[in-house]
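The file my_file.cif comes next; it holds mmCIF, C-alpha atoms (C1' of nucleotides).
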```
data_my_file
#
loop_
_atom_site.group_PDB
_atom_site.id
_atom_site.type_symbol
_atom_site.label_atom_id
_atom_site.label_comp_id
_atom_site.auth_asym_id
_atom_site.auth_seq_id
_atom_site.Cartn_x
_atom_site.Cartn_y
_atom_site.Cartn_z
ATOM 1 C CA MET A 13 -31.124 20.781 140.822
ATOM 2 C CA THR A 14 -28.690 20.089 138.036
ATOM 3 C CA ASP A 15 -27.407 22.493 135.449
ATOM 4 C CA MET A 16 -28.679 20.586 132.450
ATOM 5 C CA ARG A 17 -30.898 22.682 130.267
ATOM 6 C CA THR A 18 -34.417 21.547 129.816
ATOM 7 C CA SER A 19 -35.075 19.792 126.561
ATOM 8 C CA LEU A 20 -37.530 21.135 124.043
ATOM 9 C CA ASP A 21 -41.169 20.220 124.363
ATOM 10 C CA PRO A 22 -41.902 17.888 121.450
ATOM 11 C CA ASP A 23 -45.377 19.403 121.146
ATOM 12 C CA MET A 24 -44.497 23.054 121.476
ATOM 13 C CA PHE A 25 -45.852 23.769 118.016
ATOM 14 C CA ASP A 26 -49.033 21.746 118.039
ATOM 15 C CA ALA A 27 -50.997 24.955 118.260
ATOM 16 C CA ALA A 28 -50.893 26.026 114.650
ATOM 17 C CA CYS A 29 -50.535 29.677 115.513
ATOM 18 C CA PRO A 30 -47.611 31.961 115.147
ATOM 19 C CA SER A 31 -45.250 30.857 112.452
ATOM 20 C CA GLY A 32 -47.064 28.282 110.410
ATOM 21 C CA ASP A 33 -50.278 30.141 109.785
ATOM 22 C CA GLY A 34 -51.516 33.608 110.569
ATOM 23 C CA PRO A 35 -50.835 36.938 108.886
ATOM 24 C CA LEU A 36 -47.791 37.731 111.026
ATOM 25 C CA ARG A 37 -44.753 35.782 109.962
ATOM 26 C CA VAL A 38 -41.155 35.911 111.048
ATOM 27 C CA GLY A 39 -39.141 34.975 108.010
ATOM 28 C CA ASP A 40 -40.205 31.926 106.058
ATOM 29 C CA LYS A 41 -42.203 28.963 107.157
ATOM 30 C CA TRP A 42 -39.910 27.509 109.845
ATOM 31 C CA THR A 43 -37.863 30.547 110.885
ATOM 32 C CA GLY A 44 -40.119 31.672 113.705
ATOM 33 C CA MET A 45 -40.308 28.209 115.174
ATOM 34 C CA ILE A 46 -36.553 27.759 115.008
ATOM 35 C CA ILE A 47 -35.969 31.055 116.769
ATOM 36 C CA SER A 48 -38.407 30.000 119.456
ATOM 37 C CA CYS A 49 -36.485 26.772 119.914
ATOM 38 C CA LEU A 50 -33.245 28.693 120.390
ATOM 39 C CA GLU A 51 -34.675 31.109 122.920
ATOM 40 C CA ASP A 52 -33.222 29.358 125.974
ATOM 41 C CA GLY A 53 -29.777 28.642 124.598
ATOM 42 C CA PRO A 54 -27.899 26.671 121.954
ATOM 43 C CA ARG A 55 -29.499 23.601 120.448
ATOM 44 C CA ARG A 56 -28.258 20.745 118.334
ATOM 45 C CA PHE A 57 -29.608 19.914 114.912
ATOM 46 C CA SER A 58 -31.287 16.779 116.206
ATOM 47 C CA GLU A 59 -32.763 18.662 119.139
ATOM 48 C CA LEU A 60 -34.499 21.010 116.753
ATOM 49 C CA GLN A 61 -35.865 18.073 114.832
ATOM 50 C CA VAL A 62 -37.914 16.965 117.838
ATOM 51 C CA PRO A 63 -40.487 19.765 117.988
ATOM 52 C CA LEU A 64 -39.983 20.446 114.270
ATOM 53 C CA ARG A 65 -40.592 16.874 113.296
ATOM 54 C CA ARG A 66 -42.510 17.863 110.155
ATOM 55 C CA VAL A 67 -39.543 19.623 108.574
ATOM 56 C CA THR A 68 -37.195 17.638 106.398
ATOM 57 C CA PRO A 69 -33.455 17.810 107.137
ATOM 58 C CA LYS A 70 -32.915 19.518 103.806
ATOM 59 C CA VAL A 71 -35.278 22.376 104.585
ATOM 60 C CA LEU A 72 -34.087 22.657 108.167
ATOM 61 C CA THR A 73 -30.519 22.974 106.939
ATOM 62 C CA GLU A 74 -31.459 25.544 104.326
ATOM 63 C CA THR A 75 -33.336 27.628 106.844
ATOM 64 C CA LEU A 76 -30.518 27.497 109.391
ATOM 65 C CA ARG A 77 -28.003 28.489 106.722
ATOM 66 C CA ARG A 78 -30.136 31.472 105.793
ATOM 67 C CA LEU A 79 -30.357 32.497 109.436
ATOM 68 C CA GLU A 80 -26.612 32.161 109.720
ATOM 69 C CA ARG A 81 -25.997 34.186 106.580
ATOM 70 C CA ASP A 82 -28.251 36.943 107.906
ATOM 71 C CA GLY A 83 -26.341 37.100 111.186
ATOM 72 C CA LEU A 84 -29.284 35.874 113.250
ATOM 73 C CA VAL A 85 -27.813 32.544 114.302
ATOM 74 C CA THR A 86 -24.348 31.137 114.783
ATOM 75 C CA ARG A 87 -23.362 27.615 113.810
ATOM 76 C CA THR A 88 -20.679 25.857 115.818
ATOM 77 C CA ALA A 89 -19.365 22.482 114.674
ATOM 78 C CA TYR A 90 -17.359 20.506 117.224
ATOM 79 C CA PRO A 91 -14.674 18.290 115.701
ATOM 80 C CA GLU A 92 -15.879 15.075 117.273
ATOM 81 C CA VAL A 93 -17.158 11.791 116.075
ATOM 82 C CA PRO A 94 -20.052 11.426 115.913
ATOM 83 C CA PRO A 95 -20.369 15.058 114.849
ATOM 84 C CA ARG A 96 -21.993 17.639 117.058
ATOM 85 C CA VAL A 97 -23.269 20.979 115.808
ATOM 86 C CA GLU A 98 -24.881 23.697 117.845
ATOM 87 C CA TYR A 99 -26.985 26.605 116.719
ATOM 88 C CA GLU A 100 -27.388 29.695 118.834
ATOM 89 C CA LEU A 101 -29.120 33.039 118.501
ATOM 90 C CA THR A 102 -26.904 36.073 118.018
ATOM 91 C CA ASP A 103 -27.703 39.379 119.695
ATOM 92 C CA LEU A 104 -29.331 40.417 116.441
ATOM 93 C CA GLY A 105 -31.348 37.224 116.407
ATOM 94 C CA ARG A 106 -32.499 37.907 119.935
ATOM 95 C CA THR A 107 -34.033 41.184 118.822
ATOM 96 C CA LEU A 108 -36.618 39.092 116.986
ATOM 97 C CA LEU A 109 -37.862 37.436 120.165
ATOM 98 C CA GLN A 110 -40.059 40.371 121.094
ATOM 99 C CA PRO A 111 -41.836 40.713 117.732
ATOM 100 C CA LEU A 112 -42.212 36.952 117.767
ATOM 101 C CA ALA A 113 -43.889 37.074 121.158
ATOM 102 C CA ALA A 114 -46.079 39.912 119.931
ATOM 103 C CA ALA A 115 -47.116 37.770 116.970
ATOM 104 C CA ARG A 116 -48.095 34.993 119.365
ATOM 105 C CA VAL A 117 -50.201 37.439 121.362
ATOM 106 C CA TRP A 118 -51.902 38.691 118.211
ATOM 107 C CA CYS A 119 -52.708 35.135 117.211
ATOM 108 C CA ALA A 120 -54.094 34.275 120.614
ATOM 109 C CA ASP A 121 -56.258 37.384 120.569
ATOM 110 C CA HIS A 122 -57.414 37.525 116.970
ATOM 111 C CA LEU A 123 -56.582 34.451 114.927
ATOM 112 C CA PRO A 124 -59.819 32.623 115.786
ATOM 113 C CA GLN A 125 -61.740 35.550 114.361
ATOM 114 C CA LEU A 126 -59.733 35.421 111.148
ATOM 115 C CA ILE A 127 -60.192 31.664 110.835
ATOM 116 C CA GLU A 128 -63.905 32.068 111.336
ATOM 117 C CA ALA A 129 -64.102 34.696 108.600
ATOM 118 C CA ARG A 130 -62.069 32.505 106.289
ATOM 119 C CA ASN A 131 -64.351 29.531 106.802
ATOM 120 C CA ARG A 132 -67.503 31.535 106.389
ATOM 121 C CA PRO A 133 -69.090 30.621 103.068
ATOM 122 C CA THR A 134 -68.819 33.387 100.488
ATOM 123 C CA ALA A 135 -72.009 35.306 99.904
ATOM 124 C CA ASP A 136 -71.702 35.023 96.113
ATOM 125 C CA MET B 1 -59.311 73.722 105.429
ATOM 126 C CA THR B 2 -61.434 71.300 103.475
ATOM 127 C CA ASP B 3 -62.604 67.862 104.537
ATOM 128 C CA MET B 4 -60.965 66.018 101.671
ATOM 129 C CA ARG B 5 -58.708 63.292 102.881
ATOM 130 C CA THR B 6 -55.087 63.549 101.972
ATOM 131 C CA SER B 7 -54.040 61.415 99.064
ATOM 132 C CA LEU B 8 -51.441 58.715 99.420
ATOM 133 C CA ASP B 9 -47.811 59.615 99.019
ATOM 134 C CA PRO B 10 -46.704 58.033 95.751
ATOM 135 C CA ASP B 11 -43.305 57.327 97.262
ATOM 136 C CA MET B 12 -44.380 56.006 100.638
ATOM 137 C CA PHE B 13 -42.741 52.653 99.942
ATOM 138 C CA ASP B 14 -39.481 53.722 98.428
ATOM 139 C CA ALA B 15 -37.717 52.644 101.592
ATOM 140 C CA ALA B 16 -37.564 48.925 101.008
ATOM 141 C CA CYS B 17 -38.137 48.073 104.616
ATOM 142 C CA PRO B 18 -41.097 46.533 106.268
ATOM 143 C CA SER B 19 -43.198 44.521 103.900
ATOM 144 C CA GLY B 20 -41.035 43.901 100.912
ATOM 145 C CA ASP B 21 -37.877 42.747 102.614
ATOM 146 C CA GLY B 22 -36.906 42.032 106.178
ATOM 147 C CA PRO B 23 -37.631 39.039 108.394
ATOM 148 C CA LEU B 24 -40.883 40.455 109.748
ATOM 149 C CA ARG B 25 -43.695 40.167 107.279
ATOM 150 C CA VAL B 26 -47.388 40.867 107.522
ATOM 151 C CA GLY B 27 -49.076 38.428 105.216
ATOM 152 C CA ASP B 28 -47.695 38.057 101.718
ATOM 153 C CA LYS B 29 -45.625 40.447 99.687
ATOM 154 C CA TRP B 30 -48.093 43.322 99.321
ATOM 155 C CA THR B 31 -50.370 42.840 102.336
ATOM 156 C CA GLY B 32 -48.428 45.033 104.733
ATOM 157 C CA MET B 33 -48.209 47.855 102.255
ATOM 158 C CA ILE B 34 -51.913 47.677 101.459
ATOM 159 C CA ILE B 35 -52.819 47.797 105.138
ATOM 160 C CA SER B 36 -50.581 50.825 105.527
ATOM 161 C CA CYS B 37 -52.378 52.513 102.658
ATOM 162 C CA LEU B 38 -55.739 51.918 104.325
ATOM 163 C CA GLU B 39 -54.649 53.251 107.687
ATOM 164 C CA ASP B 40 -56.304 56.664 107.296
ATOM 165 C CA GLY B 41 -59.573 55.527 105.789
ATOM 166 C CA PRO B 42 -61.100 53.880 102.737
ATOM 167 C CA ARG B 43 -59.225 53.940 99.456
ATOM 168 C CA ARG B 44 -60.144 53.185 95.895
ATOM 169 C CA PHE B 45 -58.450 50.546 93.784
ATOM 170 C CA SER B 46 -56.771 53.160 91.661
ATOM 171 C CA GLU B 47 -55.648 55.083 94.730
ATOM 172 C CA LEU B 48 -53.796 52.018 95.969
ATOM 173 C CA GLN B 49 -52.133 51.658 92.613
ATOM 174 C CA VAL B 50 -50.306 54.943 93.053
ATOM 175 C CA PRO B 51 -47.889 54.037 95.858
ATOM 176 C CA LEU B 52 -48.092 50.375 94.847
ATOM 177 C CA ARG B 53 -47.227 51.084 91.275
ATOM 178 C CA ARG B 54 -45.089 47.931 90.981
ATOM 179 C CA VAL B 55 -47.969 45.565 91.638
ATOM 180 C CA THR B 56 -50.012 44.309 88.714
ATOM 181 C CA PRO B 57 -53.807 44.682 88.872
ATOM 182 C CA LYS B 58 -54.131 40.914 88.949
ATOM 183 C CA VAL B 59 -51.986 40.521 92.051
ATOM 184 C CA LEU B 60 -53.512 43.550 93.736
ATOM 185 C CA THR B 61 -56.971 42.099 93.200
ATOM 186 C CA GLU B 62 -55.899 38.687 94.487
ATOM 187 C CA THR B 63 -54.376 40.182 97.593
ATOM 188 C CA LEU B 64 -57.396 42.369 98.314
ATOM 189 C CA ARG B 65 -59.708 39.391 97.865
ATOM 190 C CA ARG B 66 -57.663 37.393 100.338
ATOM 191 C CA LEU B 67 -57.802 40.251 102.828
ATOM 192 C CA GLU B 68 -61.552 40.424 102.341
ATOM 193 C CA ARG B 69 -61.973 36.683 102.785
ATOM 194 C CA ASP B 70 -59.987 36.823 106.024
ATOM 195 C CA GLY B 71 -62.187 39.584 107.392
ATOM 196 C CA LEU B 72 -59.385 42.153 107.409
ATOM 197 C CA VAL B 73 -60.775 44.456 104.741
ATOM 198 C CA THR B 74 -64.208 45.284 103.404
ATOM 199 C CA ARG B 75 -64.943 45.890 99.750
ATOM 200 C CA THR B 76 -67.717 48.276 98.793
ATOM 201 C CA ALA B 77 -68.775 48.638 95.177
ATOM 202 C CA TYR B 78 -70.902 51.657 94.317
ATOM 203 C CA PRO B 79 -73.358 51.097 91.464
ATOM 204 C CA GLU B 80 -72.114 53.964 89.365
ATOM 205 C CA VAL B 81 -70.606 54.377 85.999
ATOM 206 C CA PRO B 82 -67.708 54.558 85.807
ATOM 207 C CA PRO B 83 -67.446 52.044 88.670
ATOM 208 C CA ARG B 84 -66.152 53.045 92.063
ATOM 209 C CA VAL B 85 -64.931 50.546 94.628
ATOM 210 C CA GLU B 86 -63.605 51.305 98.070
ATOM 211 C CA TYR B 87 -61.542 49.162 100.368
ATOM 212 C CA GLU B 88 -61.474 49.752 104.088
ATOM 213 C CA LEU B 89 -59.876 48.103 107.097
ATOM 214 C CA THR B 90 -62.190 46.226 109.441
ATOM 215 C CA ASP B 91 -61.708 46.368 113.199
ATOM 216 C CA LEU B 92 -59.856 43.090 112.881
ATOM 217 C CA GLY B 93 -57.688 44.538 110.159
ATOM 218 C CA ARG B 94 -56.891 47.509 112.357
ATOM 219 C CA THR B 95 -55.415 45.181 114.965
ATOM 220 C CA LEU B 96 -52.586 44.582 112.514
ATOM 221 C CA LEU B 97 -51.547 48.229 112.485
ATOM 222 C CA GLN B 98 -49.583 47.919 115.719
ATOM 223 C CA PRO B 99 -47.551 44.850 114.734
ATOM 224 C CA LEU B 100 -46.974 46.543 111.388
ATOM 225 C CA ALA B 101 -45.614 49.630 113.092
ATOM 226 C CA ALA B 102 -43.472 47.411 115.322
ATOM 227 C CA ALA B 103 -42.072 45.743 112.211
ATOM 228 C CA ARG B 104 -41.145 49.163 110.842
ATOM 229 C CA VAL B 105 -39.379 50.000 114.084
ATOM 230 C CA TRP B 106 -37.469 46.717 114.018
ATOM 231 C CA CYS B 107 -36.383 47.393 110.457
ATOM 232 C CA ALA B 108 -35.247 50.905 111.263
ATOM 233 C CA ASP B 109 -33.265 49.634 114.240
ATOM 234 C CA HIS B 110 -31.805 46.389 112.942
ATOM 235 C CA LEU B 111 -32.279 45.831 109.240
ATOM 236 C CA PRO B 112 -29.035 47.559 108.250
ATOM 237 C CA GLN B 113 -27.156 45.111 110.461
ATOM 238 C CA LEU B 114 -28.873 42.165 108.800
ATOM 239 C CA ILE B 115 -28.177 43.515 105.336
ATOM 240 C CA GLU B 116 -24.552 44.002 106.233
ATOM 241 C CA ALA B 117 -24.272 40.412 107.462
ATOM 242 C CA ARG B 118 -25.958 39.164 104.317
ATOM 243 C CA ASN B 119 -23.579 41.037 102.069
ATOM 244 C CA ARG B 120 -20.512 39.990 104.001
ATOM 245 C CA PRO B 121 -18.569 37.474 101.886
ATOM 246 C CA THR B 122 -18.774 33.945 103.251
ATOM 247 C CA ALA B 123 -15.650 32.763 105.011
ATOM 248 C CA ASP B 124 -15.525 29.455 103.092
ATOM 249 C "C1'" DC C 13 -25.282 12.731 113.982
ATOM 250 C "C1'" DA C 14 -25.733 16.090 110.668
ATOM 251 C "C1'" DG C 15 -26.202 16.646 106.824
ATOM 252 C "C1'" DA C 16 -25.903 16.350 101.028
ATOM 253 C "C1'" DA C 17 -28.058 15.035 96.457
ATOM 254 C "C1'" DT C 18 -31.801 14.638 93.496
ATOM 255 C "C1'" DC C 19 -36.242 15.223 91.881
ATOM 256 C "C1'" DC C 20 -40.684 17.200 92.051
ATOM 257 C "C1'" DA C 21 -45.305 19.603 93.407
ATOM 258 C "C1'" DC C 22 -47.232 23.690 94.314
ATOM 259 C "C1'" DA C 23 -48.016 28.542 95.293
ATOM 260 C "C1'" DT C 24 -46.690 33.159 94.510
ATOM 261 C "C1'" DC C 25 -45.619 36.656 91.609
ATOM 262 C "C1'" DG C 26 -45.216 39.007 87.230
ATOM 263 C "C1'" DA C 27 -46.036 40.397 82.114
ATOM 264 C "C1'" DT C 28 -49.284 41.168 78.779
ATOM 265 C "C1'" DA C 29 -53.620 41.825 76.744
ATOM 266 C "C1'" DC C 30 -58.456 42.506 77.030
ATOM 267 C "C1'" DT C 31 -63.447 44.101 79.054
ATOM 268 C "C1'" DG C 32 -68.228 45.483 81.498
ATOM 269 C "C1'" DC D 24 -62.425 52.541 86.635
ATOM 270 C "C1'" DA D 25 -61.743 48.191 88.238
ATOM 271 C "C1'" DG D 26 -60.956 44.656 87.159
ATOM 272 C "C1'" DT D 27 -60.475 39.458 84.238
ATOM 273 C "C1'" DA D 28 -57.923 36.054 81.367
ATOM 274 C "C1'" DT D 29 -53.661 33.653 80.040
ATOM 275 C "C1'" DC D 30 -49.231 32.384 80.244
ATOM 276 C "C1'" DG D 31 -44.904 31.905 82.206
ATOM 277 C "C1'" DA D 32 -40.878 32.507 85.548
ATOM 278 C "C1'" DT D 33 -39.340 31.671 90.073
ATOM 279 C "C1'" DG D 34 -38.839 29.898 94.513
ATOM 280 C "C1'" DT D 35 -40.174 27.606 98.497
ATOM 281 C "C1'" DG D 36 -41.133 23.405 100.541
ATOM 282 C "C1'" DG D 37 -41.379 18.334 100.543
ATOM 283 C "C1'" DA D 38 -40.200 13.165 99.547
ATOM 284 C "C1'" DT D 39 -36.691 10.104 99.104
ATOM 285 C "C1'" DT D 40 -32.213 8.248 99.183
ATOM 286 C "C1'" DC D 41 -27.491 8.305 100.439
ATOM 287 C "C1'" DT D 42 -22.921 9.534 103.247
ATOM 288 C "C1'" DG D 43 -18.576 11.354 106.019
#
```

So that I can check it, write out the structure of this file as structure tokens.
Amino acid sequence: MTDMRTSLDPDMFDAACPSGDGPLRVGDKWTGMIISCLEDGPRRFSELQVPLRRVTPKVLTETLRRLERDGLVTRTAYPEVPPRVEYELTDLGRTLLQPLAAARVWCADHLPQLIEARNRPTAD
Amino acid sequence: MTDMRTSLDPDMFDAACPSGDGPLRVGDKWTGMIISCLEDGPRRFSELQVPLRRVTPKVLTETLRRLERDGLVTRTAYPEVPPRVEYELTDLGRTLLQPLAAARVWCADHLPQLIEARNRPTAD
DNA sequence: CAGAATCCACATCGATACTG
DNA sequence: CAGTATCGATGTGGATTCTG
């Protein structure tokens, strides 16, 4: 076995659950998904863009900057060409992994019921 | 001792923590606070307005309607005059009480650190 | 590769006034 | 009491194009 980290599953967010929809959110729209992506170690900007292929670079940058400002993520730019930038969870950022997992569990257990209620036609 | 339920503490949300700010949110801006208010039983519209005195009736109504549509809260209107309406958590709504409490714990443990990072001047 | 710049659509939230 | 009706501010997210 080699020491290369596994790459991110391109489809890890095809289940609409924890961060996109649902009543339990971690930060804004993409924050929870980004934190999930960083769970196993630092990731490059373009690595994040694989599972998060529906986010525009502008919004991804904004969200990462917010996470950095809040002390949840560190940004490391390596002075190379072509440029390489890595984002990594801080210890504070890691404290969100548990609530995030709990949100996933809630969704798995209860989100279908909520969706069903939402789609039920109103009685009027 | 009587059987009247205790009224809501008007200042129960003066600590800015779980629903207003912080990276862990339950639903939109007021949802978490409303669910907290309903924890001990049904409450009237005007009862909710006491601790939630910064929400306008329009937004409170919108939020309650959303909660109702999602099957998290029931709305019961009594045919009296003056009108009386009570909102109550459903079983599904009650499943959010634990994540909500967990969010409060996270805030108590870590929010100060986040706030400090946010207020730290950027290195530039 | 990792973004910056610009423009824009939409949803959320709020202020204010009014009503069955 | 428990809302409804308008109007307006704000902000979040997206589409597109361009660059060191």

Taking the file as shown, find all residues satisfying the PyMOL selection byres ((chain B) within 10 of (chain C)) and write them as a VMD selection string.
chain B and resid 28 to 29 54 to 56 58 to 59 83

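Going from CA of Arg94 (chain B) over to CA of Ile127 (chain A), you cover 16.3 Å.
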
What are the residues of chain B that have an atom within 9 Å of an atom of chain A, counting all atoms listed in the file, as a PyMOL selection string?
chain B and resi 22-28+31+66+68-72+92+95-96+99-100+102-103+106+110+113-120+122

Taking only C-alpha atoms (C1' of nucleotides) into account, what are the residues of chain D at most 9 Å from chain A, put as a compact mmCIF listing (two decimals) with C-alpha atoms (C1' of nucleotides), keeping the file's coordinate frame?
```
# COMPACT_ATOMS: atom_id res chain seq x y z
C1' DT D 35 -40.17 27.61 98.50
C1' DG D 36 -41.13 23.40 100.54
C1' DG D 37 -41.38 18.33 100.54
C1' DA D 38 -40.20 13.16 99.55
```

Edge lengths and centre in Å, axis-aligned, chain C plus 8 Å each side, as lines of an AutoDock Vina configuration file:
```
center_x = -46.8
center_y = 29.1
center_z = 95.4
size_x = 58.9
size_y = 48.8
size_z = 53.2
```

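The spacing separating CA of Leu89 (chain B) from CA of Thr76 (chain B) amounts to 11.4 Å.
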